[in-house]
Number of protein chains: 2
Amino acid sequence: MSYVTHLEAAIDGTRLPAREIATLHDGRPLWVRYDLEAVGRAVSRDALADRAPDLWRYRELLPVDDDDAVVSLGEGMSPLLPAPRLGEALGVPDLWIKDESQLPTGSFKARGLCMAVSMAKQLGITRVAIPTAGNAGGALAAYAARAGMECWVFMPEDTPLVNRVEAGLFGAHVFLVNGLINDCGAIVKQGKETVGWFDFSTLKEPYRIEGKKTMGLEVAEQCHWKLPDAIFYPTGGGTGLIGMWKAFEELSTLGWLESDVRPRMYSCQSTGCSPIAAAFEAGERFATAPAAPHTVASGLRVPVAVGDFMILDAVRASGGAALSADEERIGEWMTRAASLEGISLCPETAICLGALADSVAKGSVSKDERVVVFNTGAAQKYVEVLDTDIPRIDRAAVDWSLIESGS
Amino acid sequence: MSYVTHLEAAIDGTRLPAREIATLHDGRPLWVRYDLEAVGRAVSRDALADRAPDLWRYRELLPVDDDDAVVSLGEGMSPLLPAPRLGEALGVPDLWIKDESQLPTGSFKARGLCMAVSMAKQLGITRVAIPTAGNAGGALAAYAARAGMECWVFMPEDTPLVNRVEAGLFGAHVFLVNGLINDCGAIVKQGKETVGWFDFSTLKEPYRIEGKKTMGLEVAEQCHWKLPDAIFYPTGGGTGLIGMWKAFEELSTLGWLESDVRPRMYSCQSTGCSPIAAAFEAGERFATAPAAPHTVASGLRVPVAVGDFMILDAVRASGGAALSADEERIGEWMTRAASLEGISLCPETAICLGALADSVAKGSVSKDERVVVFNTGAAQKYVEVLDTDIPRIDRAAVDWSLIESGS
């Protein structure tokens, strides 16, 4: 049995039973709550070091009751890589990149969906569906296949090529929709009765947060339980930022942290779609959908986030900010960071680097601070953003001057 | 300092000095040799469990002398995943997949190239070049960027899209050549004098084997030092198979293995390009280039392997075989395996599954044996092989019968 005691409505604190199928309360997400005293008695932070290098090392802080329900592809313990050259260029030498491109299906989505699928398996769910801006569809398709579930994936018709084709490989039923992720979400919502699937939309079930929470647990362990000063994180649906903030709270309650100072959380969006940044700026707790959302950082093309207030609460409590960075500079930041550090950096992370550069310029991040930026997916999944204009060499008449000039 | 004592010509055993730039001897590759007695005194196999989950945990069995030369993106300790449903379907229930898709840049090439780049850094090399069938180019570009080296990548013009675009992101100079990998190799060879780069072609420097060797070290540790009965591995240049066999030999000398029985090694190629399988069948130690090599498993489109005799020696010593499997069934095996197990399986691994199915049918692998198959890259890097014919749904008039039928 896990240490879960109950579920709690994020909007009003209503206590709800665990261990039965749960979705939203008053249209808003749920928290999973644990008996942290019992967790503290069951495991010490130093005992973790002997465990296998995946996110299940935090078993006592995860909701799965039954080991047989665990659906795993070996996810987690992604490397926290020093990025000194990029850090120097940005004016924050103590810069680190948490490289989530090395997870199953090449993105951070594996964390939330392995947990949601494991809990769905425990609860006897056999058909699942998801609206996706890109990577979540591939990740759900993979974990659903591993669990033996039937899976439907709905995505905007202009979703990146790799995302369009990956889910089908895992046997999911994939459909392109002439709209945005929220239009796909409407179809998934309607199909709950029509087709009888479970709705895996972001935050519409409580367990994706618990999977994403492990990003915070890993950062804490990898930083030897002294948290960084600031975390820059790309925000679409926001589950990861919400989950990390929850992780830090739980670690603090457990007494595992070396210091009670928690990171300032920076939620990063593109100027092409920045509802959370706009709400932050306006002092609001709930966001308004932008009129014509557009960004090549497909994971950020999320006009409506059901957990908007949870993101904004965490950002404000942390002393951080919700920012938007220049859409037009995504390619420049991707290339600059990848060529300085060799990390397969996605467009969403390029937005974080833009926001970090702006924050350093404004003085809200100072040069002696430790900063962690999340790389949420592999650059290889965004071929549309990469340069396809590659020079050709004739093997029978090699143009050495072209080669020497490098282009 | 590392425990390297010398280099050794694989073709005739000539002893050569370590710690200086080395390439081939008589046109053939070199082995890196260690003082294994000293390694055994310096570290015990059980001490490894406390180390970080990357391939540098095997530090004493690796050639880098100087910690400052280590160029790392957090590579290694890829999961060894049980594949029970696929195993049942194939008639080998104790089937495992070593999932190398979760390495930096999404392929096993990260292992060899992190080691080769680290050694190049140690030896003062600053310009590097590589001919590639696909994934090696992206991996070298990433590690060269991380090391601050200038990098050139040459690939056939019909290399998969993702491979064509990924290396450029890391700042490498990328060129498409109207030919095969061997034509690219000829350009790299010629450029050693013309441009002054170091030739990173497969096996033309001794350290990629040492990086790939860690696949064998990890399998041994993950199997609690009792090696599996058979390993199926896709063979292009063959570095991984050669490296794993070397790993098993070193582990045996160290006395770290629970049993002296080593796995039968199965080298797997496509019927569209199977020089090693042909040489094995003919009882030859050296392979002949096929006339018109073709396969969608781009990593196997390697007509000439400079280490052919090293592959064939290992395969024969192990009691395994070099096999070719049906090119036409690659798509079928990819989809079948990915939909049964949720693993992002590349075409090269699909070939291994075909070879495994053939071996079970022939009786050369029996149903009670433990079999490990290597998934050498992420399916997402092979968009050309995946199904792009995805049905569309009009958000204003949702076709539920289409959705329910799943296609």
# chains A, B, ... in the order shown; residues from 1 in each chain; ligands from 1
>>> interface_residues(of="chain B", to="chain A", cutoff="7 Å", atoms="only C-alpha atoms", output="PyMOL selection string")
chain B and resi 49-50+53+73-74+79+81+102-105+142-143+145-146+162+165-166+169-171+173-179+183+195+335+338-344+380-381+383+386-388+390-395+404+406-407
>>> select_by_dssp(residues="range 98-304 of chain B", states="alpha helix (DSSP H)", output="PyMOL selection string")
chain B and resi 109-122+135-147+161-169+181-194+207-222+239-254+275-282
>>> closest_residue(among="A:Gly124, A:Val92, A:Tyr58, A:Pro347", to="Ala247 in chain A", atoms="only C-alpha atoms")
A:Tyr58
>>> residues_around(residues="Tyr233 in chain B", least_positions_apart="4", cutoff="6 Å", atoms="only C-alpha atoms", output="list of chain:residue names")
B:Ser267, B:Cys268, B:Phe374
>>> write_last_selection(atoms="all heavy atoms", output="short mmCIF file (atom, residue, chain, number, x, y, z; two decimals), in the first residue's frame")
data_model
loop_
_atom_site.label_atom_id
_atom_site.label_comp_id
_atom_site.auth_asym_id
_atom_site.auth_seq_id
_atom_site.Cartn_x
_atom_site.Cartn_y
_atom_site.Cartn_z
N SER B 267 25.12 -11.38 -34.42
CA SER B 267 25.27 -10.17 -35.22
C SER B 267 24.14 -10.16 -36.25
O SER B 267 24.00 -11.10 -37.03
CB SER B 267 26.63 -10.20 -35.91
OG SER B 267 26.62 -9.39 -37.06
N CYS B 268 23.32 -9.10 -36.24
CA CYS B 268 22.11 -9.09 -37.08
C CYS B 268 22.20 -8.02 -38.16
O CYS B 268 22.46 -6.85 -37.86
CB CYS B 268 20.89 -8.85 -36.22
SG CYS B 268 20.76 -10.00 -34.83
N PHE B 374 19.29 -5.54 -28.23
CA PHE B 374 19.64 -4.12 -28.09
C PHE B 374 18.76 -3.25 -28.98
O PHE B 374 18.70 -3.46 -30.19
CB PHE B 374 21.12 -3.90 -28.43
CG PHE B 374 21.99 -4.10 -27.23
CD1 PHE B 374 22.30 -5.37 -26.79
CD2 PHE B 374 22.47 -3.02 -26.49
CE1 PHE B 374 23.08 -5.58 -25.65
CE2 PHE B 374 23.24 -3.20 -25.36
CZ PHE B 374 23.55 -4.48 -24.93
#
>>> atom_distance(atom1="CA of Ile330 in chain A", atom2="CA of Val315 in chain A")
23.2 Å
